[in-house]
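**Student:** Got entry-v6.txt for you, compact mmCIF, C-alpha atoms and all ligand atoms:
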```txt
# COMPACT_ATOMS: atom_id res chain seq x y z
CA MET A 1 13.06 -1.47 6.57
CA LYS A 2 14.77 -4.62 7.80
CA LYS A 3 11.89 -6.80 9.04
CA ILE A 4 8.57 -6.36 7.33
CA MET A 5 5.31 -7.84 8.58
CA VAL A 6 2.59 -8.39 5.95
CA ILE A 7 -0.81 -8.68 7.61
CA GLY A 8 -3.46 -10.39 5.45
CA ALA A 9 -0.61 -12.05 3.55
CA LEU A 10 -2.74 -14.93 2.28
CA GLY A 11 -5.22 -12.70 0.46
CA GLN A 12 -5.42 -11.75 -3.21
CA ILE A 13 -2.82 -8.98 -3.05
CA GLY A 14 -0.86 -10.00 0.04
CA SER A 15 -0.04 -13.44 -1.35
CA GLU A 16 1.76 -11.97 -4.38
CA LEU A 17 3.21 -8.93 -2.62
CA THR A 18 4.80 -11.10 0.08
CA VAL A 19 6.60 -13.17 -2.55
CA LEU A 20 7.89 -10.01 -4.24
CA LEU A 21 9.01 -8.47 -0.94
CA ARG A 22 10.85 -11.70 -0.06
CA GLN A 23 12.75 -11.50 -3.35
CA LYS A 24 13.88 -8.00 -2.43
CA TYR A 25 14.41 -8.25 1.34
CA GLY A 26 15.11 -11.97 1.86
CA VAL A 27 12.68 -14.74 2.84
CA GLU A 28 13.39 -14.57 6.58
CA ASN A 29 12.91 -10.80 6.68
CA VAL A 30 9.33 -10.74 5.44
CA ILE A 31 6.90 -12.22 7.95
CA ALA A 32 3.59 -13.33 6.45
CA THR A 33 0.68 -13.15 8.89
CA ASP A 34 -3.03 -13.83 8.57
CA TRP A 35 -5.90 -15.18 10.62
CA LYS A 36 -5.95 -18.07 8.16
CA THR A 37 -2.96 -20.31 8.77
CA LYS A 38 -3.15 -22.77 5.88
CA THR A 39 -1.97 -22.00 2.37
CA ASP A 40 -1.37 -23.94 -0.86
CA ASN A 41 1.13 -21.28 -1.91
CA LYS A 42 4.49 -23.04 -1.55
CA VAL A 43 6.58 -19.85 -1.59
CA LEU A 44 4.48 -18.36 1.21
CA ALA A 45 4.61 -21.57 3.24
CA GLU A 46 8.41 -21.81 2.89
CA GLY A 47 9.02 -18.53 4.76
CA PRO A 48 7.81 -17.38 8.19
CA LEU A 49 4.02 -17.52 8.46
CA GLU A 50 2.38 -16.45 11.75
CA TYR A 51 -1.16 -16.19 13.08
CA THR A 52 -2.51 -12.72 13.79
CA ASP A 53 -6.03 -11.38 14.16
CA VAL A 54 -5.89 -7.61 13.67
CA MET A 55 -8.79 -7.18 16.08
CA ASP A 56 -6.68 -8.85 18.77
CA LYS A 57 -3.82 -6.46 19.58
CA PRO A 58 -1.79 -8.96 21.66
CA SER A 59 -1.63 -11.35 18.67
CA LEU A 60 0.04 -8.56 16.66
CA ARG A 61 2.36 -7.59 19.51
CA ILE A 62 3.65 -11.16 19.87
CA VAL A 63 4.75 -11.27 16.22
CA ILE A 64 6.20 -7.74 16.31
CA GLU A 65 8.35 -8.60 19.31
CA LYS A 66 9.32 -12.09 18.17
CA HIS A 67 10.58 -10.84 14.79
CA GLN A 68 11.66 -7.28 15.72
CA ILE A 69 9.33 -5.85 13.08
CA ASP A 70 10.13 -2.33 11.84
CA ALA A 71 7.60 -1.96 8.99
CA ILE A 72 4.04 -3.15 8.40
CA ILE A 73 2.12 -3.72 5.18
CA HIS A 74 -1.48 -3.95 6.36
CA MET A 75 -3.56 -5.88 3.80
CA ALA A 76 -6.18 -7.43 6.11
CA ALA A 77 -9.67 -6.10 5.44
CA ILE A 78 -13.29 -7.10 4.84
CA LEU A 79 -14.15 -6.03 1.29
CA SER A 80 -17.27 -4.35 -0.06
CA ALA A 81 -19.67 -7.24 -0.75
CA THR A 82 -18.81 -9.22 2.40
CA GLY A 83 -18.85 -5.93 4.31
CA GLU A 84 -22.49 -5.34 3.32
CA GLU A 85 -23.38 -8.83 4.56
CA HIS A 86 -21.43 -8.31 7.80
CA PRO A 87 -21.15 -4.56 8.48
CA ASN A 88 -20.26 -5.10 12.12
CA LEU A 89 -17.33 -7.37 11.23
CA ALA A 90 -16.22 -4.92 8.52
CA TRP A 91 -16.12 -2.09 11.06
CA ASN A 92 -14.25 -4.16 13.64
CA VAL A 93 -11.65 -5.57 11.23
CA ASN A 94 -11.15 -2.49 9.07
CA MET A 95 -11.28 0.20 11.77
CA GLY A 96 -10.39 -1.65 14.97
CA GLY A 97 -7.66 -3.56 13.13
CA LEU A 98 -6.17 -0.43 11.59
CA TYR A 99 -6.21 1.40 14.91
CA ASN A 100 -4.34 -1.49 16.55
CA VAL A 101 -1.78 -1.54 13.74
CA LEU A 102 -1.16 2.22 13.90
CA GLU A 103 -0.92 2.26 17.69
CA LEU A 104 1.61 -0.59 17.67
CA ALA A 105 3.60 1.03 14.85
CA ARG A 106 3.77 4.18 16.98
CA ALA A 107 4.67 2.32 20.17
CA TYR A 108 7.48 0.37 18.48
CA ASN A 109 8.79 3.38 16.50
CA MET A 110 8.29 1.66 13.18
CA GLU A 111 9.92 3.06 10.11
CA ARG A 112 6.91 2.74 7.82
CA VAL A 113 3.32 1.49 7.50
CA LEU A 114 1.50 0.94 4.20
CA VAL A 115 -2.29 0.60 4.23
CA PRO A 116 -4.30 0.34 1.01
CA SER A 117 -7.44 2.34 0.48
CA SER A 118 -9.92 1.82 -2.36
CA ILE A 119 -12.11 3.48 -4.98
CA ALA A 120 -14.82 2.53 -2.48
CA VAL A 121 -14.12 5.83 -0.66
CA PHE A 122 -16.22 7.52 -3.35
CA GLY A 123 -19.98 7.55 -3.50
CA PRO A 124 -22.93 8.44 -5.73
CA GLU A 125 -22.38 12.19 -5.31
CA THR A 126 -18.75 12.01 -6.50
CA PRO A 127 -18.02 12.91 -10.16
CA ARG A 128 -17.71 9.48 -11.80
CA GLU A 129 -15.43 10.23 -14.75
CA ASP A 130 -11.79 11.10 -14.12
CA THR A 131 -12.68 11.26 -10.44
CA PRO A 132 -10.38 13.90 -8.95
CA GLN A 133 -7.91 13.30 -6.13
CA GLU A 134 -9.67 15.89 -3.96
CA THR A 135 -13.44 15.39 -4.18
CA ILE A 136 -16.63 14.39 -2.34
CA LEU A 137 -16.09 11.33 -0.12
CA ARG A 138 -19.56 10.10 0.85
CA PRO A 139 -19.55 6.31 0.30
CA THR A 140 -22.71 4.27 0.82
CA THR A 141 -21.07 0.98 1.89
CA MET A 142 -19.63 0.12 5.31
CA TYR A 143 -16.41 -0.85 3.51
CA GLY A 144 -16.24 2.63 1.95
CA VAL A 145 -16.96 4.31 5.29
CA THR A 146 -14.05 2.42 6.87
CA LYS A 147 -11.75 3.25 3.96
CA VAL A 148 -12.46 7.00 4.20
CA ALA A 149 -11.96 6.91 7.97
CA GLY A 150 -8.81 4.83 7.47
CA GLU A 151 -7.31 7.42 5.12
CA LEU A 152 -8.08 10.19 7.61
CA LEU A 153 -6.67 8.16 10.50
CA GLY A 154 -3.45 7.46 8.59
CA ASP A 155 -3.04 11.15 7.77
CA TYR A 156 -3.69 11.97 11.43
CA TYR A 157 -0.84 9.70 12.53
CA VAL A 158 1.49 11.35 9.99
CA ARG A 159 0.58 14.84 11.20
CA ARG A 160 0.16 14.22 14.92
CA PHE A 161 2.82 11.58 15.66
CA GLY A 162 5.20 11.87 12.70
CA LEU A 163 4.58 8.20 11.81
CA ASP A 164 5.30 7.40 8.15
CA VAL A 165 1.95 5.98 6.97
CA ARG A 166 1.18 5.66 3.25
CA GLY A 167 -1.70 4.37 1.21
CA LEU A 168 -3.22 4.24 -2.24
CA ARG A 169 -6.75 3.82 -3.54
CA TYR A 170 -6.61 0.61 -5.54
CA PRO A 171 -9.23 0.12 -8.24
CA GLY A 172 -10.55 -3.44 -8.83
CA ILE A 173 -7.53 -5.76 -8.90
CA ILE A 174 -7.43 -8.63 -11.39
CA SER A 175 -5.08 -11.57 -10.88
CA SER A 176 -4.64 -15.29 -11.50
CA GLU A 177 -2.79 -16.46 -8.37
CA THR A 178 -5.24 -16.02 -5.45
CA LEU A 179 -8.99 -15.51 -5.80
CA PRO A 180 -10.40 -12.18 -4.61
CA GLY A 181 -11.98 -12.10 -1.18
CA GLY A 182 -15.56 -10.83 -1.43
CA GLY A 183 -15.57 -7.58 -3.38
CA THR A 184 -17.83 -5.98 -5.97
CA THR A 185 -15.15 -6.14 -8.68
CA ASP A 186 -14.74 -9.94 -8.28
CA TYR A 187 -16.65 -10.54 -11.56
CA ALA A 188 -13.64 -9.22 -13.48
CA VAL A 189 -11.59 -12.15 -12.13
CA ALA A 190 -14.29 -14.85 -12.11
CA ILE A 191 -15.05 -14.20 -15.78
CA TYR A 192 -11.57 -15.45 -16.77
CA TYR A 193 -11.86 -18.63 -14.71
CA ASP A 194 -15.27 -19.43 -16.20
CA ALA A 195 -14.12 -18.54 -19.72
CA ILE A 196 -11.40 -21.20 -19.44
CA ARG A 197 -13.52 -23.79 -17.64
CA TYR A 198 -16.92 -23.43 -19.33
CA LYS A 199 -16.58 -20.88 -22.14
CA LYS A 200 -19.46 -18.98 -20.54
CA TYR A 201 -20.06 -16.71 -17.56
CA THR A 202 -23.03 -15.24 -15.72
CA CYS A 203 -22.08 -11.72 -14.71
CA PHE A 204 -23.53 -10.08 -11.59
CA VAL A 205 -23.31 -6.53 -12.97
CA LYS A 206 -24.91 -5.07 -16.10
CA GLU A 207 -23.16 -5.10 -19.49
CA ASP A 208 -22.58 -1.32 -19.45
CA THR A 209 -21.13 -1.18 -15.91
CA ARG A 210 -17.81 0.63 -16.22
CA LEU A 211 -15.27 0.57 -13.39
CA PRO A 212 -11.56 1.35 -13.00
CA MET A 213 -9.45 -1.82 -12.86
CA MET A 214 -5.79 -2.81 -12.61
CA TYR A 215 -3.82 -5.96 -13.41
CA MET A 216 -1.82 -7.45 -10.54
CA PRO A 217 1.67 -6.68 -11.96
CA ASP A 218 0.70 -2.99 -12.00
CA CYS A 219 -0.82 -3.27 -8.51
CA LEU A 220 2.45 -4.72 -7.20
CA LYS A 221 4.47 -2.05 -8.99
CA ALA A 222 2.30 0.75 -7.58
CA THR A 223 2.57 -0.70 -4.08
CA MET A 224 6.35 -1.14 -4.23
CA ASP A 225 6.85 2.30 -5.81
CA LEU A 226 4.81 4.07 -3.13
CA LEU A 227 6.43 1.98 -0.38
CA HIS A 228 9.89 3.13 -1.48
CA ALA A 229 9.13 6.74 -2.45
CA PRO A 230 11.11 9.35 -0.47
CA PHE A 231 8.84 10.66 2.29
CA ASP A 232 9.83 14.27 1.56
CA ASN A 233 8.45 13.99 -1.99
CA LEU A 234 4.95 13.19 -0.69
CA VAL A 235 2.34 15.89 -0.40
CA HIS A 236 -0.45 13.32 0.01
CA HIS A 237 0.05 10.27 2.20
CA ASN A 238 -2.87 7.88 2.48
CA ASP A 239 -5.23 8.62 -0.37
CA PHE A 240 -3.47 8.42 -3.74
CA ASN A 241 -5.77 7.72 -6.71
CA VAL A 242 -4.06 5.18 -9.00
CA GLY A 243 -5.50 4.41 -12.42
CA ALA A 244 -4.61 1.82 -15.03
CA MET A 245 -7.61 0.95 -17.20
CA SER A 246 -11.35 1.39 -17.25
CA PHE A 247 -13.79 -0.89 -19.08
CA THR A 248 -17.37 -2.13 -19.05
CA ALA A 249 -18.32 -5.74 -18.36
CA GLY A 250 -19.30 -5.96 -22.05
CA GLU A 251 -15.87 -4.71 -23.18
CA LEU A 252 -14.22 -7.25 -20.90
CA ALA A 253 -16.24 -10.04 -22.54
CA GLU A 254 -15.28 -8.70 -26.00
CA SER A 255 -11.62 -8.76 -25.02
CA ILE A 256 -11.94 -12.43 -23.95
CA ARG A 257 -13.69 -13.25 -27.26
CA LYS A 258 -10.56 -12.14 -29.15
CA TYR A 259 -8.87 -15.23 -27.67
CA ILE A 260 -11.90 -17.51 -27.06
CA PRO A 261 -14.27 -16.65 -29.96
CA ASP A 262 -17.17 -18.83 -28.75
CA PHE A 263 -17.15 -17.35 -25.19
CA GLN A 264 -20.68 -16.47 -24.06
CA ILE A 265 -21.88 -14.13 -21.33
CA GLU A 266 -25.23 -13.37 -19.74
CA TYR A 267 -25.97 -10.59 -17.27
CA LYS A 268 -27.91 -11.14 -14.04
CA PRO A 269 -27.28 -8.06 -11.88
CA ASP A 270 -27.61 -8.63 -8.13
CA HIS A 271 -27.17 -6.51 -4.97
CA ARG A 272 -23.58 -5.66 -6.00
CA GLN A 273 -24.85 -3.61 -8.96
CA LYS A 274 -25.83 -0.80 -6.61
CA ILE A 275 -22.34 -0.73 -5.12
CA ALA A 276 -20.72 -0.68 -8.58
CA ASP A 277 -23.03 2.17 -9.64
CA SER A 278 -21.84 4.26 -6.69
CA TRP A 279 -18.14 4.02 -7.67
CA PRO A 280 -16.11 5.94 -10.26
CA MET A 281 -15.75 4.83 -13.85
CA SER A 282 -12.19 6.19 -14.07
CA VAL A 283 -9.86 8.15 -11.79
CA ASP A 284 -7.46 11.06 -12.14
CA ASP A 285 -4.15 9.83 -10.76
CA SER A 286 -2.02 12.88 -11.52
CA ALA A 287 -0.95 13.26 -7.85
CA ALA A 288 0.51 9.72 -7.82
CA ARG A 289 2.24 10.42 -11.13
CA ALA A 290 3.70 13.70 -9.87
CA GLU A 291 4.68 12.64 -6.33
CA TRP A 292 6.09 9.14 -6.91
CA GLY A 293 6.21 8.64 -10.67
CA TRP A 294 3.25 6.26 -11.07
CA THR A 295 2.72 4.82 -14.59
CA PRO A 296 0.78 1.64 -15.38
CA SER A 297 1.87 -0.88 -18.03
CA TYR A 298 -1.11 -3.14 -18.81
CA ASP A 299 -4.17 -2.36 -20.91
CA LEU A 300 -7.25 -4.60 -21.20
CA ASP A 301 -6.10 -6.83 -24.08
CA ALA A 302 -2.56 -7.25 -22.72
CA MET A 303 -4.07 -8.29 -19.38
CA THR A 304 -6.56 -10.69 -21.02
CA ARG A 305 -3.80 -12.41 -23.00
CA ASP A 306 -1.69 -12.89 -19.88
CA MET A 307 -4.60 -13.93 -17.60
CA LEU A 308 -5.81 -16.58 -20.07
CA GLU A 309 -2.29 -17.94 -20.54
CA LYS A 310 -1.69 -18.17 -16.78
CA LEU A 311 -5.09 -19.71 -16.03
CA GLU A 312 -4.75 -22.28 -18.84
CA GLN A 313 -1.59 -23.47 -17.13
CA LYS A 314 -3.11 -23.33 -13.64
CA LEU A 315 -6.44 -25.01 -14.48
CA GLY A 316 -5.07 -27.39 -17.07
P1 LIG B 1 -8.42 -10.28 0.52
O1 LIG B 1 -9.77 -10.36 1.10
O2 LIG B 1 -8.10 -11.11 -0.67
O3 LIG B 1 -7.32 -10.61 1.61
C1 LIG B 1 -7.41 -10.11 2.91
C2 LIG B 1 -6.67 -11.08 3.81
O4 LIG B 1 -6.80 -10.59 5.14
C3 LIG B 1 -7.24 -12.49 3.79
O5 LIG B 1 -6.21 -13.45 3.61
C4 LIG B 1 -7.90 -12.64 5.16
O6 LIG B 1 -7.81 -13.97 5.68
C5 LIG B 1 -7.09 -11.67 5.99
N1 LIG B 1 -7.85 -11.14 7.13
C6 LIG B 1 -9.12 -10.72 7.16
N2 LIG B 1 -9.46 -10.36 8.40
C7 LIG B 1 -8.37 -10.55 9.17
C8 LIG B 1 -8.10 -10.35 10.54
N3 LIG B 1 -9.05 -9.95 11.41
N4 LIG B 1 -6.86 -10.60 11.00
C9 LIG B 1 -5.89 -11.06 10.16
N5 LIG B 1 -6.11 -11.30 8.84
C10 LIG B 1 -7.33 -11.04 8.36
O7 LIG B 1 -8.12 -8.74 0.23
P2 LIG B 1 -7.16 -8.11 -0.86
O8 LIG B 1 -7.94 -8.02 -2.12
O9 LIG B 1 -5.87 -8.81 -0.87
O10 LIG B 1 -7.05 -6.64 -0.29
C11 LIG B 1 -5.92 -6.16 0.40
C12 LIG B 1 -6.15 -4.70 0.70
O11 LIG B 1 -6.33 -3.98 -0.52
C13 LIG B 1 -7.41 -4.40 1.53
O12 LIG B 1 -7.16 -3.31 2.37
C14 LIG B 1 -8.43 -4.03 0.49
O13 LIG B 1 -9.42 -3.18 1.03
C15 LIG B 1 -7.57 -3.29 -0.50
N6 LIG B 1 -8.15 -3.26 -1.84
C16 LIG B 1 -8.26 -4.39 -2.59
C17 LIG B 1 -8.80 -4.31 -3.86
C18 LIG B 1 -8.94 -5.53 -4.74
O14 LIG B 1 -9.56 -5.43 -5.80
N7 LIG B 1 -8.38 -6.67 -4.36
C19 LIG B 1 -9.23 -3.08 -4.36
C20 LIG B 1 -9.14 -1.96 -3.55
C21 LIG B 1 -8.58 -2.06 -2.30
C1 LIG B 2 -14.14 -4.47 -3.79
O1 LIG B 2 -14.77 -4.67 -4.84
O2 LIG B 2 -14.65 -4.41 -2.67
C2 LIG B 2 -12.66 -4.24 -3.92
C3 LIG B 2 -12.37 -2.77 -4.01
C4 LIG B 2 -12.51 -2.07 -5.29
O3 LIG B 2 -12.05 -2.17 -3.01
N1 LIG B 2 -12.17 -4.95 -5.06
```
Please rewrite the model in this file as C-alpha cells.

**Tutor:**
Amino acid sequence: MKKIMVIGALGQIGSELTVLLRQKYGVENVIATDWKTKTDNKVLAEGPLEYTDVMDKPSLRIVIEKHQIDAIIHMAAILSATGEEHPNLAWNVNMGGLYNVLELARAYNMERVLVPSSIAVFGPETPREDTPQETILRPTTMYGVTKVAGELLGDYYVRRFGLDVRGLRYPGIISSETLPGGGTTDYAVAIYYDAIRYKKYTCFVKEDTRLPMMYMPDCLKATMDLLHAPFDNLVHHNDFNVGAMSFTAGELAESIRKYIPDFQIEYKPDHRQKIADSWPMSVDDSAARAEWGWTPSYDLDAMTRDMLEKLEQKLG
C-alpha cells in the first residue's frame, strides 16, 4: 500500500486513524476525504484533504486518479440512530457508497480495501451474551441491514473477483478527539463530556443496558492489525467480531464516580433504547484472536482515567 485514501476521514474513527496512518506511511501518502471539507483538526488539515461523496462515483474516481490510490479505508457511513431518522439516506450512503468503492477498487486493481462493520449486524433473535462469530444476523435497523449486506458484499468481492476486502464488527467506540456521529452508543462518550462540564448527565438508555464497547486506542490497534494481517492467514474476511469490554450504563457512571465522586446521572430512555436492546451485551472474538492475533488493552477504569484526563485538557 503506497497511497491510501481514507473516506469519511473527518469522522470519529477516521480522524484518528488518518493521523496514525500518516505517521506510518507519510503525510502525503494518506489522502483524507469526506463530504465535509472543514476541520479543526490541524494534523488532518496539514495533509491532503479532498472532497468525495461516496454516493457520487465520479467524485471518488477523481481522487483515485489524481493521487494514484492503491488502497481504501472506507469509514463513511450513516450510523444507527441517524439511520432510523433517515433510512433512505442510510441505504444510499451505506450500500450505494460501498458498491461504488468496491467497483472502483476492482477497476483500479487496488491492493486492499478495509470496511468496518458493526455489532449492529445482530438482532433480537441473536444470542446476546458472548455472541458467536457465526450466528443469526437479523438486525431490525436500516443501519444493521446495510452492515449485514456490506459484509456479504465484501466477501463476494473476495470470492468472485479476488479483491482483498477486510472488515471488523466494531462495538461502540469511545474517544475524546472527535464526537461520534449519530449512533446508539453515543451516550458512552457524551457522559464523559457532561461529567467534566456539569458533573451530571441524562442518559438515553436504562441503567442496566449492557453493550460491548471499545476505547479508541484499541479500535485503532484492531484496525491497523487487521489491515496489515497476511491475507493467507484469514479464514474470515469482512465480519470479525472484536471485543474489548462490556458494561452497563450504571457501571459506566460508577467508574466515573471513582474520579468525580459527586457525579450524578439520571436515566430517560428514548427511541434508542430499543436499538440497544436488540444488540449483543458481549461478543466472542476468538476468530479475530486466532486469525490476526487480536488482544485489547483497555478495561473500563483504565479508559475512564484516560478519557477524563484528555477531556480535562481539551475542555479546560
Ligand atoms: P462518523 O459518523 O463519526 O464518521 C463518518 C464520516 O463519514 C463523517 O465524517 C461524515 O461526514 C462522512 N460521510 C458520511 N456520508 C458521507 C458521504 N456520502 N460521502 C463522504 N463522506 C461521508 O462514523 P465513525 O464512527 O467514524 O464510523 C466509521 C465506520 O465505523 C462506519 O462504517 C461505522 O459504521 C463503523 N462503526 C463505528 C462505530 C462507532 O462506535 N463509532 C461502531 C461500529 C461501527
Ligand atoms: C452506533 O451506535 O450506531 C455505532 C455502532 C455500534 O455501530 N456506534

**Student:** Could you pull the residues within 6 Å of range 110-125 of chain A, counting only C-alpha atoms, minus those fewer than 2 positions along the same chain, as a VMD selection string?

**Tutor:** chain A and resid 70 to 74 105 108 137 to 139 144 147 to 148 164 to 171 278 to 279

**Student:** What does the structure give for the distance between CA of Lys3 in chain A and CA of Trp292 in chain A, in Å to one decimal?

**Tutor:**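 Taking CA of Lys3 in chain A and CA of Trp292 in chain A, their separation equals 23.3 Å.
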
**Student:** So, counting only C-alpha atoms, which residue among A:Leu152, A:Ala244, A:Met75, A:Ala249 is closest to Glu16 in chain A?

**Tutor:**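 For Glu16 in chain A, the nearest of the candidates is A:Met75.
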
**Student:** Hey, can you pull every residue with an atom no more than 12 Å from (-6.9, -9.4, -25.8), using all atoms listed in the file, and send it as a PDB file with C-alpha atoms, keeping the file's coordinate frame?

**Tutor:**
```
ATOM      1  CA  TYR A 192     -11.570 -15.450 -16.770  1.00  0.00           C
ATOM      2  CA  GLU A 251     -15.870  -4.710 -23.180  1.00  0.00           C
ATOM      3  CA  LEU A 252     -14.220  -7.250 -20.900  1.00  0.00           C
ATOM      4  CA  ALA A 253     -16.240 -10.040 -22.540  1.00  0.00           C
ATOM      5  CA  GLU A 254     -15.280  -8.700 -26.000  1.00  0.00           C
ATOM      6  CA  SER A 255     -11.620  -8.760 -25.020  1.00  0.00           C
ATOM      7  CA  ILE A 256     -11.940 -12.430 -23.950  1.00  0.00           C
ATOM      8  CA  ARG A 257     -13.690 -13.250 -27.260  1.00  0.00           C
ATOM      9  CA  LYS A 258     -10.560 -12.140 -29.150  1.00  0.00           C
ATOM     10  CA  TYR A 259      -8.870 -15.230 -27.670  1.00  0.00           C
ATOM     11  CA  ILE A 260     -11.900 -17.510 -27.060  1.00  0.00           C
ATOM     12  CA  PRO A 261     -14.270 -16.650 -29.960  1.00  0.00           C
ATOM     13  CA  TYR A 298      -1.110  -3.140 -18.810  1.00  0.00           C
ATOM     14  CA  ASP A 299      -4.170  -2.360 -20.910  1.00  0.00           C
ATOM     15  CA  LEU A 300      -7.250  -4.600 -21.200  1.00  0.00           C
ATOM     16  CA  ASP A 301      -6.100  -6.830 -24.080  1.00  0.00           C
ATOM     17  CA  ALA A 302      -2.560  -7.250 -22.720  1.00  0.00           C
ATOM     18  CA  MET A 303      -4.070  -8.290 -19.380  1.00  0.00           C
ATOM     19  CA  THR A 304      -6.560 -10.690 -21.020  1.00  0.00           C
ATOM     20  CA  ARG A 305      -3.800 -12.410 -23.000  1.00  0.00           C
ATOM     21  CA  ASP A 306      -1.690 -12.890 -19.880  1.00  0.00           C
ATOM     22  CA  MET A 307      -4.600 -13.930 -17.600  1.00  0.00           C
ATOM     23  CA  LEU A 308      -5.810 -16.580 -20.070  1.00  0.00           C
ATOM     24  CA  GLU A 309      -2.290 -17.940 -20.540  1.00  0.00           C
TER      25      GLU A 309
END
```

**Student:** Would you pick out the contacts of Thr39 in chain A at 12 Å or less, using only C-alpha atoms, so that residues sharing its chain but fewer than 3 positions from it are not included, and give the list as a list in words?

**Tutor:**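 The neighbour list is Ala9, Leu10, Gly11, Ser15, Ala32, Thr33, Asp34, Trp35, Lys36, Lys42, Val43, Leu44, Ala45, Glu46, Gly47, Leu49, Glu50 and Thr178 of chain A.
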
**Student:** For each of A:Gln68, A:Thr146, A:Gln23, A:Thr126, take the minimum atom-to-atom distance to ligand LIG 1 (chain B), counting all atoms listed in the file, then give the residue where this is smallest.

**Tutor:**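 Under the stated criterion, the closest residue is A:Thr146.
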
**Student:** So, counting all atoms listed in the file, which residue among A:Arg159, A:Arg22, A:Lys57, A:His237 is closest to ligand LIG 1 (chain B)?

**Tutor:**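 Comparing A:Arg159, A:Arg22, A:Lys57, A:His237 against ligand LIG 1 (chain B), the winner is A:Lys57.
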
**Student:** Leaving out Val242 in chain A and any residue of its chain fewer than 3 positions from it, which residues lie within 9 Å of it when counting all atoms listed in the file, given as an mmCIF file with C-alpha atoms, in the frame of the given file?

**Tutor:**
```
data_model
loop_
_atom_site.group_PDB
_atom_site.id
_atom_site.type_symbol
_atom_site.label_atom_id
_atom_site.label_comp_id
_atom_site.auth_asym_id
_atom_site.auth_seq_id
_atom_site.Cartn_x
_atom_site.Cartn_y
_atom_site.Cartn_z
ATOM 1 C CA LEU A 168 -3.220 4.240 -2.240
ATOM 2 C CA ARG A 169 -6.750 3.820 -3.540
ATOM 3 C CA TYR A 170 -6.610 0.610 -5.540
ATOM 4 C CA PRO A 171 -9.230 0.120 -8.240
ATOM 5 C CA MET A 214 -5.790 -2.810 -12.610
ATOM 6 C CA ALA A 222 2.300 0.750 -7.580
ATOM 7 C CA VAL A 283 -9.860 8.150 -11.790
ATOM 8 C CA ASP A 284 -7.460 11.060 -12.140
ATOM 9 C CA ASP A 285 -4.150 9.830 -10.760
ATOM 10 C CA SER A 286 -2.020 12.880 -11.520
ATOM 11 C CA ALA A 287 -0.950 13.260 -7.850
ATOM 12 C CA ALA A 288 0.510 9.720 -7.820
ATOM 13 C CA ARG A 289 2.240 10.420 -11.130
ATOM 14 C CA TRP A 294 3.250 6.260 -11.070
ATOM 15 C CA THR A 295 2.720 4.820 -14.590
ATOM 16 C CA PRO A 296 0.780 1.640 -15.380
#
```

**Student:** Which residue is closest to ligand LIG 1 (chain B)? Choose from A:Asn109, A:Thr140, A:Thr185, A:Ser176 and count all atoms listed in the file.

**Tutor:**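 Using all atoms listed in the file, ligand LIG 1 (chain B) sits closest to A:Thr185.
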
**Student:** Identify which of the residues A:Ile62, A:Leu98, A:Leu79, A:Leu234 lies closest to ligand LIG 2 (chain B), counting only C-alpha atoms and all ligand atoms when measuring atom-to-atom distances.

**Tutor:**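 Under the stated criterion, the closest residue is A:Leu79.
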
**Student:** Starting from the incomplete input, reconstruct N, CA and C atoms of range 228-239 of chain A and write that as an mmCIF file, in the frame of the given file.

**Tutor:**
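Heads up, here's the output in rebuild.cif:
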```cif
data_model
loop_
_atom_site.group_PDB
_atom_site.id
_atom_site.type_symbol
_atom_site.label_atom_id
_atom_site.label_comp_id
_atom_site.auth_asym_id
_atom_site.auth_seq_id
_atom_site.Cartn_x
_atom_site.Cartn_y
_atom_site.Cartn_z
ATOM 1 N N HIS A 228 8.485 2.704 -1.467
ATOM 2 C CA HIS A 228 9.890 3.130 -1.480
ATOM 3 C C HIS A 228 10.072 4.597 -1.864
ATOM 4 N N ALA A 229 8.987 5.321 -2.075
ATOM 5 C CA ALA A 229 9.130 6.740 -2.450
ATOM 6 C C ALA A 229 9.692 7.553 -1.283
ATOM 7 N N PRO A 230 10.598 8.509 -1.563
ATOM 8 C CA PRO A 230 11.110 9.350 -0.470
ATOM 9 C C PRO A 230 9.971 10.115 0.201
ATOM 10 N N PHE A 231 9.926 10.043 1.524
ATOM 11 C CA PHE A 231 8.840 10.660 2.290
ATOM 12 C C PHE A 231 8.715 12.158 1.958
ATOM 13 N N ASP A 232 9.857 12.814 1.798
ATOM 14 C CA ASP A 232 9.830 14.270 1.560
ATOM 15 C C ASP A 232 9.190 14.647 0.231
ATOM 16 N N ASN A 233 9.095 13.685 -0.698
ATOM 17 C CA ASN A 233 8.450 13.990 -1.990
ATOM 18 C C ASN A 233 6.925 13.941 -1.890
ATOM 19 N N LEU A 234 6.406 13.403 -0.772
ATOM 20 C CA LEU A 234 4.950 13.190 -0.690
ATOM 21 C C LEU A 234 4.227 14.400 -0.133
ATOM 22 N N VAL A 235 3.244 14.841 -0.893
ATOM 23 C CA VAL A 235 2.340 15.890 -0.400
ATOM 24 C C VAL A 235 1.123 15.180 0.213
ATOM 25 N N HIS A 236 0.608 14.180 -0.528
ATOM 26 C CA HIS A 236 -0.450 13.320 0.010
ATOM 27 C C HIS A 236 0.230 12.176 0.749
ATOM 28 N N HIS A 237 -0.544 11.431 1.530
ATOM 29 C CA HIS A 237 0.050 10.270 2.200
ATOM 30 C C HIS A 237 -0.798 9.007 2.081
ATOM 31 N N ASN A 238 -2.074 9.104 2.365
ATOM 32 C CA ASN A 238 -2.870 7.880 2.480
ATOM 33 C C ASN A 238 -4.018 7.748 1.478
ATOM 34 N N ASP A 239 -4.023 8.590 0.458
ATOM 35 C CA ASP A 239 -5.230 8.620 -0.370
ATOM 36 C C ASP A 239 -4.938 8.770 -1.864
#
```
